[in-house]
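Coordinates as given in model.tsv (TSV, C-alpha atoms):
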chain	number	residue	atom	x	y	z
A	1	MET	CA	27.89	33.08	-8.26
A	2	THR	CA	28.77	36.81	-8.51
A	3	ASP	CA	29.03	39.18	-5.56
A	4	GLN	CA	25.82	40.87	-6.71
A	5	GLU	CA	23.96	37.54	-6.78
A	6	ILE	CA	25.24	36.70	-3.31
A	7	LYS	CA	24.12	40.07	-1.96
A	8	SER	CA	20.76	39.69	-3.65
A	9	THR	CA	20.21	36.22	-2.25
A	10	THR	CA	21.29	37.30	1.20
A	11	GLY	CA	18.98	40.28	1.05
A	12	ILE	CA	15.99	38.09	0.19
A	13	GLY	CA	16.83	35.74	3.03
A	14	GLU	CA	16.90	38.63	5.50
A	15	ALA	CA	13.68	40.10	4.13
A	16	ILE	CA	11.64	36.92	4.66
A	17	GLY	CA	13.23	35.99	7.97
A	18	SER	CA	10.43	37.18	10.24
A	19	ALA	CA	7.68	36.03	7.88
A	20	GLY	CA	9.35	32.67	7.46
A	21	THR	CA	9.57	32.26	11.22
A	22	LYS	CA	5.87	32.96	11.62
A	23	VAL	CA	4.98	30.44	8.92
A	24	LYS	CA	7.32	27.88	10.44
A	25	GLU	CA	5.72	28.26	13.86
A	26	GLY	CA	2.24	28.07	12.35
A	27	VAL	CA	3.04	24.93	10.39
A	28	ILE	CA	4.60	23.25	13.41
A	29	HIS	CA	1.53	24.10	15.49
A	30	SER	CA	-0.78	22.74	12.79
A	31	LEU	CA	1.22	19.55	12.39
A	32	LYS	CA	1.24	19.01	16.12
A	33	GLY	CA	-2.51	19.47	16.06
A	34	ILE	CA	-2.86	16.84	13.35
A	35	GLU	CA	-0.66	14.44	15.29
A	36	GLU	CA	-2.79	14.97	18.38
A	37	ILE	CA	-5.95	14.27	16.40
A	38	GLU	CA	-4.48	11.11	14.90
A	39	THR	CA	-3.32	9.93	18.32
A	40	GLN	CA	-6.79	10.51	19.73
A	41	ILE	CA	-8.40	8.54	16.91
A	42	VAL	CA	-6.00	5.63	17.41
A	43	SER	CA	-6.74	5.62	21.15
A	44	LEU	CA	-10.50	5.87	20.64
A	45	VAL	CA	-10.67	3.11	18.04
A	46	ARG	CA	-8.30	0.84	19.96
A	47	SER	CA	-10.23	1.07	23.23
A	48	THR	CA	-13.60	0.78	21.51
A	49	VAL	CA	-12.61	-2.35	19.59
A	50	SER	CA	-10.96	-4.09	22.54
A	51	ASP	CA	-13.74	-3.21	24.99
A	52	THR	CA	-16.43	-4.37	22.57
A	53	LEU	CA	-14.69	-7.68	21.92
A	54	LYS	CA	-14.15	-8.24	25.65
A	55	ALA	CA	-17.88	-7.72	26.20
A	56	THR	CA	-18.90	-10.17	23.49
A	57	GLY	CA	-16.38	-12.79	24.52
A	58	SER	CA	-15.93	-13.94	20.93
A	59	MET	CA	-12.80	-13.28	18.92
A	60	VAL	CA	-13.42	-14.73	15.47
A	61	GLY	CA	-16.65	-13.59	13.84
A	62	ASP	CA	-17.17	-10.68	16.21
A	63	ALA	CA	-13.77	-9.17	15.46
A	64	ILE	CA	-14.67	-8.94	11.78
A	65	ASN	CA	-18.12	-7.53	12.55
A	66	VAL	CA	-16.77	-4.97	15.00
A	67	THR	CA	-14.10	-3.92	12.50
A	68	ARG	CA	-16.72	-3.47	9.79
A	69	ASP	CA	-18.90	-1.45	12.16
A	70	VAL	CA	-16.03	0.80	13.28
A	71	VAL	CA	-15.00	1.49	9.69
A	72	LYS	CA	-18.57	2.45	8.78
A	73	GLY	CA	-18.79	4.70	11.81
A	74	THR	CA	-15.57	6.49	10.89
A	75	ILE	CA	-16.62	7.02	7.29
A	76	THR	CA	-19.98	8.39	8.39
A	77	ALA	CA	-18.23	10.75	10.82
A	78	THR	CA	-15.92	12.12	8.12
A	79	GLU	CA	-18.94	12.83	5.94
A	80	GLU	CA	-20.82	14.67	8.68
A	81	VAL	CA	-17.96	16.89	9.85
A	82	GLY	CA	-16.42	17.38	6.43
A	83	THR	CA	-13.04	15.98	7.44
A	84	GLY	CA	-11.36	13.94	4.73
A	85	LEU	CA	-11.22	10.19	5.13
A	86	VAL	CA	-7.56	10.40	4.11
A	87	LEU	CA	-6.72	12.04	7.44
A	88	SER	CA	-8.34	9.38	9.60
A	89	ALA	CA	-7.68	6.23	7.51
A	90	LYS	CA	-4.23	5.55	8.95
A	91	SER	CA	-5.29	6.11	12.56
A	92	LEU	CA	-8.42	4.04	12.04
A	93	ALA	CA	-6.50	1.04	10.71
A	94	LYS	CA	-3.82	1.30	13.39
A	95	GLY	CA	-6.40	1.52	16.17
A	96	ILE	CA	-8.32	-1.51	14.88
A	97	VAL	CA	-5.24	-3.71	14.63
A	98	MET	CA	-3.99	-2.73	18.06
A	99	GLY	CA	-7.41	-3.13	19.64
A	100	VAL	CA	-7.87	-6.63	18.27
A	101	ASN	CA	-4.34	-7.54	19.31
A	102	ASP	CA	-5.07	-6.38	22.87
A	103	VAL	CA	-7.64	-9.17	23.24
A	104	GLY	CA	-5.76	-11.82	21.30
A	105	GLY	CA	-7.86	-11.60	18.14
A	106	ASP	CA	-6.97	-12.48	14.56
A	107	VAL	CA	-4.87	-9.51	13.45
A	108	LEU	CA	-4.53	-10.73	9.86
A	109	ALA	CA	-8.27	-11.08	9.34
A	110	VAL	CA	-9.17	-7.69	10.77
A	111	ALA	CA	-6.33	-5.94	8.96
A	112	LYS	CA	-7.70	-7.21	5.66
A	113	GLN	CA	-11.27	-6.32	6.65
A	114	ALA	CA	-10.18	-2.83	7.72
A	115	VAL	CA	-8.54	-2.00	4.40
A	116	THR	CA	-11.33	-3.61	2.36
A	117	GLY	CA	-14.04	-1.63	4.13
A	118	THR	CA	-12.06	1.60	4.06
A	119	VAL	CA	-11.25	1.40	0.35
A	120	GLN	CA	-14.85	0.61	-0.57
A	121	GLY	CA	-16.04	3.35	1.74
A	122	ALA	CA	-13.66	5.83	0.13
A	123	ALA	CA	-15.16	5.06	-3.27
A	124	ALA	CA	-18.67	5.49	-1.88
A	125	VAL	CA	-17.97	8.99	-0.52
A	126	GLY	CA	-15.88	10.11	-3.49
A	127	ALA	CA	-12.53	10.14	-1.68
A	128	ASP	CA	-9.20	9.36	-3.31
A	129	VAL	CA	-9.27	5.56	-3.20
A	130	ALA	CA	-5.56	5.08	-3.86
A	131	THR	CA	-4.47	7.55	-1.19
A	132	VAL	CA	-6.89	6.12	1.36
A	133	ALA	CA	-5.57	2.63	0.59
A	134	ARG	CA	-2.01	3.83	1.08
A	135	ARG	CA	-2.82	5.51	4.40
A	136	THR	CA	-4.69	2.44	5.62
A	137	VAL	CA	-1.82	0.09	4.78
A	138	ASP	CA	0.60	2.52	6.44
A	139	GLY	CA	-1.49	2.35	9.60
A	140	VAL	CA	-1.61	-1.44	9.58
A	141	ILE	CA	2.15	-1.75	9.06
A	142	GLU	CA	2.85	0.78	11.79
A	143	ALA	CA	0.61	-1.11	14.20
A	144	ALA	CA	2.17	-4.45	13.27
A	145	LYS	CA	5.61	-3.10	14.09
A	146	GLU	CA	4.49	-1.73	17.45
A	147	ILE	CA	2.76	-4.91	18.59
A	148	GLY	CA	5.58	-7.15	17.38
A	149	ALA	CA	3.52	-8.98	14.78
A	150	ASN	CA	4.90	-10.52	11.60
A	151	VAL	CA	5.04	-7.35	9.53
A	152	GLU	CA	5.50	-9.11	6.18
A	153	GLU	CA	2.53	-11.37	6.78
A	154	VAL	CA	0.24	-8.60	8.01
A	155	ALA	CA	1.23	-6.22	5.24
A	156	GLY	CA	0.76	-8.93	2.64
A	157	ALA	CA	-2.78	-9.65	3.83
A	158	THR	CA	-3.60	-5.95	3.87
A	159	VAL	CA	-2.23	-5.33	0.39
A	160	GLY	CA	-4.24	-8.26	-0.93
A	161	GLY	CA	-7.38	-6.87	0.69
A	162	ALA	CA	-6.80	-3.41	-0.78
A	163	ILE	CA	-6.36	-4.76	-4.30
A	164	ASP	CA	-9.40	-7.03	-3.98
A	165	ALA	CA	-11.49	-4.10	-2.76
A	166	ALA	CA	-10.25	-1.93	-5.62
A	167	GLY	CA	-11.23	-4.73	-8.00
A	168	SER	CA	-14.86	-4.30	-6.99
A	169	ILE	CA	-14.62	-0.63	-7.96
A	170	GLY	CA	-12.95	-0.94	-11.37
A	171	SER	CA	-9.75	-1.56	-13.28
A	172	THR	CA	-8.63	2.05	-12.95
A	173	ALA	CA	-8.87	1.80	-9.17
A	174	VAL	CA	-6.90	-1.45	-9.18
A	175	LYS	CA	-4.09	0.13	-11.18
A	176	ALA	CA	-3.96	3.23	-8.96
A	177	VAL	CA	-4.04	1.23	-5.73
A	178	ARG	CA	-1.41	-1.22	-6.93
A	179	GLU	CA	0.96	1.61	-7.85
A	180	VAL	CA	0.73	3.42	-4.51
A	181	LEU	CA	0.98	0.23	-2.48
A	182	VAL	CA	4.19	-0.84	-4.17
A	183	GLY	CA	5.67	2.33	-2.69
A	184	ALA	CA	3.96	1.78	0.66
A	185	VAL	CA	5.64	-1.58	1.24
A	186	GLU	CA	9.09	-0.81	-0.16
A	187	GLY	CA	10.67	-1.14	3.26
A	188	VAL	CA	8.91	-4.40	4.09
A	189	LYS	CA	10.79	-7.51	3.00
A	190	ASP	CA	9.10	-9.67	0.35
A	191	VAL	CA	5.75	-7.85	0.54
A	192	ALA	CA	6.04	-6.34	-2.94
A	193	SER	CA	5.80	-9.89	-4.27
A	194	THR	CA	2.23	-10.03	-3.01
A	195	ILE	CA	1.35	-7.29	-5.48
A	196	LEU	CA	3.27	-8.33	-8.58
A	197	PRO	CA	1.90	-11.90	-8.97
A	198	LYS	CA	-1.52	-10.41	-9.55
A	199	SER	CA	-0.33	-8.80	-12.78
A	200	LYS	CA	-0.98	-10.51	-16.11
A	201	GLN	CA	2.66	-11.23	-16.80
A	202	ALA	CA	3.53	-12.97	-13.54
A	203	PRO	CA	1.69	-16.31	-14.08
A	204	GLU	CA	3.81	-16.97	-17.17
A	205	VAL	CA	7.02	-17.12	-15.12
A	206	SER	CA	7.64	-20.44	-13.40
A	207	PRO	CA	8.95	-20.37	-9.81
A	208	GLY	CA	12.74	-20.42	-9.66
A	209	VAL	CA	13.14	-19.58	-13.36
A	210	GLU	CA	14.59	-16.26	-14.46
A	211	PRO	CA	12.05	-14.37	-16.67
A	212	SER	CA	14.66	-13.70	-19.37
A	213	VAL	CA	15.56	-17.37	-19.54
A	214	GLY	CA	12.06	-18.77	-19.27
A	215	ALA	CA	10.74	-16.61	-22.09
A	216	GLN	CA	12.76	-18.13	-24.93
A	217	PRO	CA	14.17	-21.61	-24.27
A	218	SER	CA	11.91	-23.54	-26.64
A	219	ALA	CA	12.38	-21.11	-29.54
A	220	SER	CA	16.16	-21.10	-29.06
A	221	THR	CA	16.29	-24.90	-28.93
A	222	GLU	CA	14.26	-25.23	-32.10
A	223	THR	CA	16.47	-22.77	-33.91
A	224	VAL	CA	19.62	-24.62	-32.94
A	225	SER	CA	18.12	-27.95	-33.94
A	226	SER	CA	16.95	-26.61	-37.30
A	227	ASP	CA	20.27	-24.93	-37.96
A	228	THR	CA	22.09	-28.14	-37.17
A	229	LYS	CA	20.01	-29.96	-39.77
A	230	ASP	CA	20.73	-27.22	-42.28
A	231	ASP	CA	24.44	-27.59	-41.62
A	232	LEU	CA	24.27	-31.31	-42.31
A	233	GLY	CA	22.20	-31.07	-45.47
A	234	GLU	CA	22.80	-27.66	-47.00
A	235	GLY	CA	25.98	-26.23	-45.59
A	236	THR	CA	26.39	-22.98	-43.71
A	237	SER	CA	24.77	-20.51	-46.08
A	238	ARG	CA	21.23	-21.06	-44.81
A	239	LYS	CA	22.42	-21.12	-41.22
A	240	ALA	CA	23.85	-17.67	-41.66
A	241	ARG	CA	20.65	-16.36	-43.19
A	242	LYS	CA	18.19	-17.85	-40.72
A	243	PRO	CA	18.85	-15.57	-37.72
A	244	VAL	CA	18.10	-12.59	-39.96
A	245	VAL	CA	14.73	-14.07	-40.91

Write the structure described by the file as structure tokens, please.
Amino acid sequence: MTDQEIKSTTGIGEAIGSAGTKVKEGVIHSLKGIEEIETQIVSLVRSTVSDTLKATGSMVGDAINVTRDVVKGTITATEEVGTGLVLSAKSLAKGIVMGVNDVGGDVLAVAKQAVTGTVQGAAAVGADVATVARRTVDGVIEAAKEIGANVEEVAGATVGGAIDAAGSIGSTAVKAVREVLVGAVEGVKDVASTILPKSKQAPEVSPGVEPSVGAQPSASTETVSSDTKDDLGEGTSRKARKPVV
């Protein structure tokens, strides 16, 4: 870099210093505001779910029903106030999981119900289904880590629920949801395998067999056997030609 370029770059940096500082402070304030909103939603959902389940005294069917009701309430709220479902999806899912865990409920079942209802609700209100699915799974995984649950198991159930829900919307939604969820569970051991087996190619691969090996053994065996016969009856000329054919 020349002296002139250095001076020019330095000059620009000095010129935007005060403006950059103002933007930085504004962004930090906004982000803190978002974090506060998300924390409030988690707290609200968590307490509502746990208190409701304590009042009913039932943990199995009621947990699913309460989860479904809370998801509907959140989606309706986002429609009325104009706030995107994407913003609240993560906090909603996290609050539900933690609330059910507080009363000893079935975390796996409600995690799946939460993502299923949220994804379907996102499609109903015209929200970005894939992004909402990603945010919901993020919330479930975050909650699972905080409550000490089996993260792989919880994430796997949630991913399955998201893909099933997307399936009721259409093939395009399934593809989009699958792609974003692969990224969402990258840091969770073995969870990506809950997505891949649902693809068309996976059923063809037998457990414990390498795909590259399992794809060609019969053809290779037949070729060797045929070539061996050619060697015995016709010499090597046909054996040399056969791989080309």

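In this model, the gap between atom CA of A:Val132 and atom CA of A:Leu53 comes to 26.0 Å.
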
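Of the listed residues A:Ala166, A:Leu85, A:Val185, A:Val140, the one whose atoms come nearest to A:Asn101 is A:Val140, with distances taken using all atoms listed in the file.
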
Give as a PyMOL selection string every residue, naming chains and numbers as the document does, that has an atom within 12 Å of (3.8, -10.1, 18.3), counting only C-alpha atoms. chain A and resi 97-98+101-102+104-108+143-151+153-154

Let me make sure I understand: among A:Ile64, A:Val177, A:Asp128, A:Arg135, which one has the smallest atom-to-atom distance to A:Ala111 if we use all atoms listed in the file?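 Ranking A:Ile64, A:Val177, A:Asp128, A:Arg135 by distance to A:Ala111, first place goes to A:Ile64.
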
I'd like the interatomic distance between atom CA of A:Gln113 and atom CA of A:Lys90, to a tenth of an Å.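 A separation of 14.0 Å between them.
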
Record the distance separating atom CA of A:Gly121 and atom CA of A:Ser30, expressed in Å with one decimal.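 About the pair atom CA of A:Gly121 and atom CA of A:Ser30: they are 27.0 Å apart.
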
Show me, as a count of residues only, the residues that have an atom within 10 Å of A:Ala93 when counting only C-alpha atoms, minus same-chain residues fewer than 4 positions from it. 28

Among A:Ala173, A:Leu44, A:Val119, A:Val66, A:Leu92 is approached most closely, using only C-alpha atoms, by A:Leu44

At a cut-off of 9 Å from (-16.8, 4.8, 6.8) in the coordinates of the file, what residues are picked up using all atoms listed in the file, written as a PyMOL selection string? chain A and resi 68-79+85+117-118+120-122+124-125
